[in-house]
Amino acid sequence: MAVDSSPTSTAAGSAVPSGGAPARPGKPRGVTIAGIALRTPYWVLTGAVGLIFLAPLVWTAVASISPQAGTNQVDGWGFGNYETLAGYQAGIWRYIANSVFVSVLTVVLTLLTSLFGGYAFARFRFPGKDILFMVTLAILMVPYATLLIPLYVLLNQVGLENSLVGVALVLTMFQLPFSTFLMRISFEAVPRELDEAATVDGCSSFGALWRVLLPAVKPGLITVGLFSFLAAWNDFMAPLILINDTERMTLPLAVSNLRGQVQGVVDYGATEAGVVVLALPCIVLFLLLQRHYVRGFMSGALKG
């Protein structure tokens with residue numbers, strides 16, 4: 001005999017599936033008018049802030065390829081300003097290579113020092129720990145420019161004057177306070193039980209750091225690396241004081257010199273092209289790493 005599988009009706013008139021209890025009405029899903037009304041001010045405000053920040057970048061990118069009097073791009077749209085930038089003195093690729101070298105070396109040194117420094121401050125107890133940490137943070141209290149002349153004298157004494165390595169060391173020093181602080185709170189957000197479990201399994205302190213803690217603090221490391229790269233890539237003051245050879249100039253210093261190369265007359269087109277070249281790596285890196293960047297800043301924020 002065939003079994004009727006159609007839903008049966010209850011006394012209230014609602015349909016009951018043949019296999020079980022009456023179906024419960026679900027909560028309404030989808031976009032509601034009230035939700036749109038509540039979110040509209042947020043969308044408008046964030047959109048306006050985004051336009052404020054993007055407008056100068058868009059204007060610079062458009063102006064770098066638009067015709068301008070007194071530049072290499074006089075008639076029509078094109079890349080004449082970029083040709084001027086490419087042929088300036090030692091060449092744009094030389095200056096990009098110098099900036100890449102300084103930035104990468106600064107990132108590597110900053111990651112190493114802040115990783116071990118943050119791990120030590122977060123996990124170990126030793127005499128003078130808090131005082132040493134405060135001394136590290138005290139670097140932030142000293143104006144940046146006032147330290148460059150003493151550092152120039154110091155680098156001259158150790159044979160690193162007019163050196164890209166010396167510039168990277170100086171930039172690393174200025175990145176240490178923030179980087180060490182961020183890595184310390186990143187390690188403190190990781191439960192100590194992970195260290196203890198790794199130690200019980202036979203790991204040393206370095207083994208626990210490398211195998212267990214390092215993956216847990218990866219967002220903090222990415223944030224430190226991104227910040228140090230942006231600072232080193234865009235820094236103008238340290239190369240200006242420490243570098244006096246045109247072959248070793250970084251890109252920001254080269255663009256600044258290009259700006260007034262002919263009797264003080266500003267070549268705005270080539271300058272705008274240099275700004276675009278400077279901004280592109282920063283924008284690409286931020287877009288690629290923004291998820292880890294936000295997580296790195298949130299490290300330790302909800303630590304109970």
# chains A, B, ... in the order shown; residues from 1 in each chain; ligands from 1
$ residues_around --residues "stretch 132-144 of chain A" --least-positions-apart "6" --cutoff "8 Å" --atoms "only C-alpha atoms" --output "short mmCIF file (atom, residue, chain, number, x, y, z; two decimals) with N, CA and C atoms, in the first residue's frame"
data_model
loop_
_atom_site.label_atom_id
_atom_site.label_comp_id
_atom_site.auth_asym_id
_atom_site.auth_seq_id
_atom_site.Cartn_x
_atom_site.Cartn_y
_atom_site.Cartn_z
N PHE A 121 60.70 40.46 26.64
CA PHE A 121 59.93 41.30 27.55
C PHE A 121 58.61 40.65 27.96
N PHE A 174 65.01 53.85 14.91
CA PHE A 174 63.80 54.63 15.13
C PHE A 174 62.53 53.77 15.06
N LEU A 176 62.43 50.69 16.45
CA LEU A 176 62.46 49.75 17.56
C LEU A 176 61.40 50.01 18.63
N PRO A 177 61.16 51.25 19.09
CA PRO A 177 60.18 51.42 20.18
C PRO A 177 58.80 50.88 19.84
N PHE A 178 58.24 51.33 18.73
CA PHE A 178 56.91 50.86 18.35
C PHE A 178 56.90 49.37 18.06
N PHE A 181 57.21 47.27 21.27
CA PHE A 181 55.96 47.36 22.03
C PHE A 181 54.88 46.49 21.40
#
$ closest_atom_pairs --of "stretch 40-137 of chain A" --to "stretch 266-288 of chain A" --cutoff "10 Å" --atoms "only C-alpha atoms" --output "Markdown table"
| residue | atom | partner | partner_atom | distance |
| --- | --- | --- | --- | --- |
| A:Leu57 | CA | A:Val276 | CA | 7.9 |
| A:Val58 | CA | A:Val276 | CA | 9.5 |
| A:Trp59 | CA | A:Glu272 | CA | 9.3 |
| A:Thr60 | CA | A:Glu272 | CA | 5.7 |
| A:Ala61 | CA | A:Val276 | CA | 6.1 |
| A:Val62 | CA | A:Glu272 | CA | 9.0 |
| A:Ala63 | CA | A:Glu272 | CA | 6.9 |
| A:Ser64 | CA | A:Ala273 | CA | 4.9 |
| A:Ile65 | CA | A:Gly269 | CA | 7.7 |
| A:Ser66 | CA | A:Gly269 | CA | 8.2 |
| A:Pro67 | CA | A:Gly269 | CA | 8.5 |
| A:Gln68 | CA | A:Gly269 | CA | 6.9 |
| A:Ala69 | CA | A:Gly269 | CA | 9.0 |
| A:Gly70 | CA | A:Asp267 | CA | 7.0 |
| A:Thr71 | CA | A:Gly269 | CA | 5.9 |
| A:Asn72 | CA | A:Gly269 | CA | 7.7 |
| A:Gln73 | CA | A:Gly269 | CA | 7.5 |
| A:Val74 | CA | A:Gly269 | CA | 9.7 |
| A:Phe79 | CA | A:Ala273 | CA | 8.8 |
| A:Gly80 | CA | A:Ala270 | CA | 8.4 |
| A:Asn81 | CA | A:Ala270 | CA | 4.6 |
| A:Tyr82 | CA | A:Ala273 | CA | 5.7 |
| A:Glu83 | CA | A:Ala270 | CA | 8.3 |
| A:Thr84 | CA | A:Ala270 | CA | 6.2 |
| A:Leu85 | CA | A:Ala270 | CA | 5.7 |
| A:Ala86 | CA | A:Ala270 | CA | 9.3 |
| A:Tyr88 | CA | A:Ala270 | CA | 9.7 |
| A:Ile92 | CA | A:Gly274 | CA | 9.1 |
| A:Ile96 | CA | A:Leu278 | CA | 9.0 |
| A:Ser99 | CA | A:Leu278 | CA | 9.8 |
$ write_last_selection --atoms "C-alpha atoms" --output "PDB file, in the first residue's frame"
ATOM      1  CA  LEU A  57      46.414  60.420  -5.067  1.00  0.00           C
ATOM      2  CA  VAL A  58      44.046  60.367  -8.040  1.00  0.00           C
ATOM      3  CA  TRP A  59      44.880  63.977  -8.898  1.00  0.00           C
ATOM      4  CA  THR A  60      48.619  63.229  -8.775  1.00  0.00           C
ATOM      5  CA  ALA A  61      48.259  60.148 -10.989  1.00  0.00           C
ATOM      6  CA  VAL A  62      46.227  62.081 -13.567  1.00  0.00           C
ATOM      7  CA  ALA A  63      48.556  65.092 -13.485  1.00  0.00           C
ATOM      8  CA  SER A  64      51.616  62.888 -14.035  1.00  0.00           C
ATOM      9  CA  ILE A  65      50.378  61.939 -17.521  1.00  0.00           C
ATOM     10  CA  SER A  66      48.544  65.122 -18.458  1.00  0.00           C
ATOM     11  CA  PRO A  67      50.036  67.913 -20.631  1.00  0.00           C
ATOM     12  CA  GLN A  68      51.723  70.662 -18.607  1.00  0.00           C
ATOM     13  CA  ALA A  69      53.756  73.662 -19.668  1.00  0.00           C
ATOM     14  CA  GLY A  70      57.451  73.538 -18.823  1.00  0.00           C
ATOM     15  CA  THR A  71      57.566  69.731 -18.618  1.00  0.00           C
ATOM     16  CA  ASN A  72      58.489  66.907 -20.956  1.00  0.00           C
ATOM     17  CA  GLN A  73      54.768  66.263 -21.506  1.00  0.00           C
ATOM     18  CA  VAL A  74      53.568  69.414 -23.261  1.00  0.00           C
ATOM     19  CA  PHE A  79      54.460  59.309 -20.205  1.00  0.00           C
ATOM     20  CA  GLY A  80      56.926  62.090 -20.951  1.00  0.00           C
ATOM     21  CA  ASN A  81      57.199  62.993 -17.276  1.00  0.00           C
ATOM     22  CA  TYR A  82      58.130  59.412 -16.463  1.00  0.00           C
ATOM     23  CA  GLU A  83      60.835  59.564 -19.140  1.00  0.00           C
ATOM     24  CA  THR A  84      62.283  62.640 -17.421  1.00  0.00           C
ATOM     25  CA  LEU A  85      62.202  60.800 -14.108  1.00  0.00           C
ATOM     26  CA  ALA A  86      63.807  57.699 -15.597  1.00  0.00           C
ATOM     27  CA  TYR A  88      67.518  61.812 -14.079  1.00  0.00           C
ATOM     28  CA  ILE A  92      65.331  55.899 -11.682  1.00  0.00           C
ATOM     29  CA  ILE A  96      64.656  52.393  -6.742  1.00  0.00           C
ATOM     30  CA  SER A  99      65.430  52.371  -1.709  1.00  0.00           C
TER      31      SER A  99
END
$ residues_around --residues "A:Ser228" --least-positions-apart "6" --cutoff "12 Å" --atoms "only C-alpha atoms" --output "list of chain:residue names"
A:Val102, A:Ser103, A:Val104, A:Leu105, A:Thr106, A:Val107, A:Val108, A:Leu109, A:Thr110, A:Leu111, A:Ser114, A:Ala168, A:Leu169, A:Val170, A:Leu171, A:Thr172, A:Met173, A:Phe174, A:Gln175, A:Leu176, A:Pro177, A:Phe178, A:Ser179, A:Thr180, A:Leu221, A:Ile222, A:Asn234, A:Asp235, A:Cys282
$ write_last_selection --atoms "N, CA and C atoms" --output "PDB file, in the first residue's frame"
ATOM      1  N   VAL A 102      67.625  49.592   1.188  1.00  0.00           N
ATOM      2  CA  VAL A 102      67.467  50.182   2.516  1.00  0.00           C
ATOM      3  C   VAL A 102      66.199  49.672   3.196  1.00  0.00           C
ATOM      4  N   SER A 103      65.091  49.598   2.458  1.00  0.00           N
ATOM      5  CA  SER A 103      63.820  49.186   3.030  1.00  0.00           C
ATOM      6  C   SER A 103      63.843  47.725   3.461  1.00  0.00           C
ATOM      7  N   VAL A 104      64.359  46.847   2.610  1.00  0.00           N
ATOM      8  CA  VAL A 104      64.403  45.421   2.941  1.00  0.00           C
ATOM      9  C   VAL A 104      65.323  45.176   4.133  1.00  0.00           C
ATOM     10  N   LEU A 105      66.494  45.813   4.144  1.00  0.00           N
ATOM     11  CA  LEU A 105      67.409  45.637   5.271  1.00  0.00           C
ATOM     12  C   LEU A 105      66.795  46.174   6.562  1.00  0.00           C
ATOM     13  N   THR A 106      66.110  47.291   6.489  1.00  0.00           N
ATOM     14  CA  THR A 106      65.441  47.841   7.663  1.00  0.00           C
ATOM     15  C   THR A 106      64.363  46.897   8.170  1.00  0.00           C
ATOM     16  N   VAL A 107      63.580  46.319   7.260  1.00  0.00           N
ATOM     17  CA  VAL A 107      62.527  45.381   7.658  1.00  0.00           C
ATOM     18  C   VAL A 107      63.123  44.145   8.338  1.00  0.00           C
ATOM     19  N   VAL A 108      64.179  43.582   7.753  1.00  0.00           N
ATOM     20  CA  VAL A 108      64.794  42.385   8.320  1.00  0.00           C
ATOM     21  C   VAL A 108      65.352  42.670   9.710  1.00  0.00           C
ATOM     22  N   LEU A 109      66.100  43.745   9.856  1.00  0.00           N
ATOM     23  CA  LEU A 109      66.686  44.079  11.155  1.00  0.00           C
ATOM     24  C   LEU A 109      65.601  44.400  12.186  1.00  0.00           C
ATOM     25  N   THR A 110      64.572  45.106  11.765  1.00  0.00           N
ATOM     26  CA  THR A 110      63.497  45.455  12.691  1.00  0.00           C
ATOM     27  C   THR A 110      62.735  44.215  13.141  1.00  0.00           C
ATOM     28  N   LEU A 111      62.444  43.307  12.212  1.00  0.00           N
ATOM     29  CA  LEU A 111      61.732  42.082  12.574  1.00  0.00           C
ATOM     30  C   LEU A 111      62.545  41.230  13.549  1.00  0.00           C
ATOM     31  N   SER A 114      62.861  43.206  17.063  1.00  0.00           N
ATOM     32  CA  SER A 114      61.580  43.324  17.768  1.00  0.00           C
ATOM     33  C   SER A 114      61.016  41.956  18.141  1.00  0.00           C
ATOM     34  N   ALA A 168      70.063  52.269   6.883  1.00  0.00           N
ATOM     35  CA  ALA A 168      69.159  51.214   7.356  1.00  0.00           C
ATOM     36  C   ALA A 168      69.288  51.019   8.862  1.00  0.00           C
ATOM     37  N   LEU A 169      70.495  51.102   9.401  1.00  0.00           N
ATOM     38  CA  LEU A 169      70.683  50.963  10.850  1.00  0.00           C
ATOM     39  C   LEU A 169      69.998  52.102  11.608  1.00  0.00           C
ATOM     40  N   VAL A 170      70.117  53.302  11.092  1.00  0.00           N
ATOM     41  CA  VAL A 170      69.470  54.447  11.738  1.00  0.00           C
ATOM     42  C   VAL A 170      67.955  54.304  11.697  1.00  0.00           C
ATOM     43  N   LEU A 171      67.412  53.925  10.553  1.00  0.00           N
ATOM     44  CA  LEU A 171      65.962  53.748  10.437  1.00  0.00           C
ATOM     45  C   LEU A 171      65.471  52.607  11.323  1.00  0.00           C
ATOM     46  N   THR A 172      66.270  51.562  11.465  1.00  0.00           N
ATOM     47  CA  THR A 172      65.904  50.455  12.357  1.00  0.00           C
ATOM     48  C   THR A 172      65.818  50.932  13.796  1.00  0.00           C
ATOM     49  N   MET A 173      66.758  51.766  14.214  1.00  0.00           N
ATOM     50  CA  MET A 173      66.740  52.275  15.580  1.00  0.00           C
ATOM     51  C   MET A 173      65.458  53.049  15.871  1.00  0.00           C
ATOM     52  N   PHE A 174      65.013  53.846  14.909  1.00  0.00           N
ATOM     53  CA  PHE A 174      63.804  54.634  15.130  1.00  0.00           C
ATOM     54  C   PHE A 174      62.531  53.775  15.059  1.00  0.00           C
ATOM     55  N   GLN A 175      62.615  52.585  14.480  1.00  0.00           N
ATOM     56  CA  GLN A 175      61.464  51.690  14.436  1.00  0.00           C
ATOM     57  C   GLN A 175      61.360  50.801  15.677  1.00  0.00           C
ATOM     58  N   LEU A 176      62.434  50.694  16.445  1.00  0.00           N
ATOM     59  CA  LEU A 176      62.461  49.754  17.564  1.00  0.00           C
ATOM     60  C   LEU A 176      61.397  50.010  18.633  1.00  0.00           C
ATOM     61  N   PRO A 177      61.160  51.248  19.091  1.00  0.00           N
ATOM     62  CA  PRO A 177      60.181  51.425  20.183  1.00  0.00           C
ATOM     63  C   PRO A 177      58.796  50.877  19.843  1.00  0.00           C
ATOM     64  N   PHE A 178      58.240  51.335  18.732  1.00  0.00           N
ATOM     65  CA  PHE A 178      56.906  50.864  18.354  1.00  0.00           C
ATOM     66  C   PHE A 178      56.897  49.370  18.062  1.00  0.00           C
ATOM     67  N   SER A 179      57.912  48.888  17.346  1.00  0.00           N
ATOM     68  CA  SER A 179      57.945  47.477  16.963  1.00  0.00           C
ATOM     69  C   SER A 179      58.070  46.566  18.181  1.00  0.00           C
ATOM     70  N   THR A 180      58.940  46.916  19.119  1.00  0.00           N
ATOM     71  CA  THR A 180      59.105  46.102  20.324  1.00  0.00           C
ATOM     72  C   THR A 180      57.839  46.112  21.159  1.00  0.00           C
ATOM     73  N   LEU A 221      53.877  40.384  13.428  1.00  0.00           N
ATOM     74  CA  LEU A 221      55.092  40.481  12.627  1.00  0.00           C
ATOM     75  C   LEU A 221      54.825  41.178  11.294  1.00  0.00           C
ATOM     76  N   ILE A 222      53.705  40.840  10.662  1.00  0.00           N
ATOM     77  CA  ILE A 222      53.371  41.472   9.383  1.00  0.00           C
ATOM     78  C   ILE A 222      53.127  42.961   9.578  1.00  0.00           C
ATOM     79  N   ASN A 234      59.716  55.684   2.491  1.00  0.00           N
ATOM     80  CA  ASN A 234      59.320  57.079   2.322  1.00  0.00           C
ATOM     81  C   ASN A 234      60.206  58.064   3.072  1.00  0.00           C
ATOM     82  N   ASP A 235      61.185  57.578   3.821  1.00  0.00           N
ATOM     83  CA  ASP A 235      61.978  58.488   4.644  1.00  0.00           C
ATOM     84  C   ASP A 235      62.851  59.388   3.777  1.00  0.00           C
ATOM     85  N   CYS A 282      53.679  51.064  -1.771  1.00  0.00           N
ATOM     86  CA  CYS A 282      52.990  51.183  -0.484  1.00  0.00           C
ATOM     87  C   CYS A 282      51.527  50.771  -0.601  1.00  0.00           C
TER      88      CYS A 282
END
$ closest_residue --among "A:Leu160, A:Met237, A:Leu213, A:Ala55" --to "A:Thr250" --atoms "only C-alpha atoms"
A:Met237
$ select_by_dssp --residues "stretch 22-236 of chain A" --states "alpha helix (DSSP H)" --output "VMD selection string"
chain A and resid 33 to 63 80 to 86 92 to 123 129 to 137 148 to 157 164 to 188 192 to 200 205 to 208 214 to 216 218 to 234
$ atom_distance --atom1 "atom CA of A:Val255" --atom2 "atom CA of A:Asp75"
23.2 Å
$ select_by_dssp --residues "stretch 6-136 of chain A" --states "strand (DSSP E or B)" --output "list in words"
Thr8, Ser9, Ala15 and Val16 of chain A
$ write_last_selection --atoms "C-alpha atoms" --output "mmCIF file, in the first residue's frame"
data_model
loop_
_atom_site.group_PDB
_atom_site.id
_atom_site.type_symbol
_atom_site.label_atom_id
_atom_site.label_comp_id
_atom_site.auth_asym_id
_atom_site.auth_seq_id
_atom_site.Cartn_x
_atom_site.Cartn_y
_atom_site.Cartn_z
ATOM 1 C CA THR A 8 -0.891 16.999 7.158
ATOM 2 C CA SER A 9 -2.880 19.894 8.548
ATOM 3 C CA ALA A 15 1.280 22.368 7.651
ATOM 4 C CA VAL A 16 3.150 19.636 9.522
#
$ atom_distance --atom1 "atom CA of A:Phe101" --atom2 "atom CA of A:Leu164"
7.7 Å
$ closest_residue --among "A:Leu226, A:Arg123, A:Trp93, A:Arg248" --to "A:Ala208" --atoms "only C-alpha atoms"
A:Arg123
$ atom_distance --atom1 "atom CA of A:Leu251" --atom2 "atom CA of A:Asn98"
7.4 Å
$ closest_residue --among "A:Ala97, A:Val212, A:Arg291, A:Pro150" --to "A:Leu194" --atoms "only C-alpha atoms"
A:Val212
$ closest_residue --among "A:Ala198, A:Cys203, A:Leu155, A:Leu38" --to "A:Val167" --atoms "only C-alpha atoms"
A:Leu155
$ closest_residue --among "A:Leu148, A:Val165, A:Leu182, A:Ala238" --to "A:Val224" --atoms "only C-alpha atoms"
A:Leu182
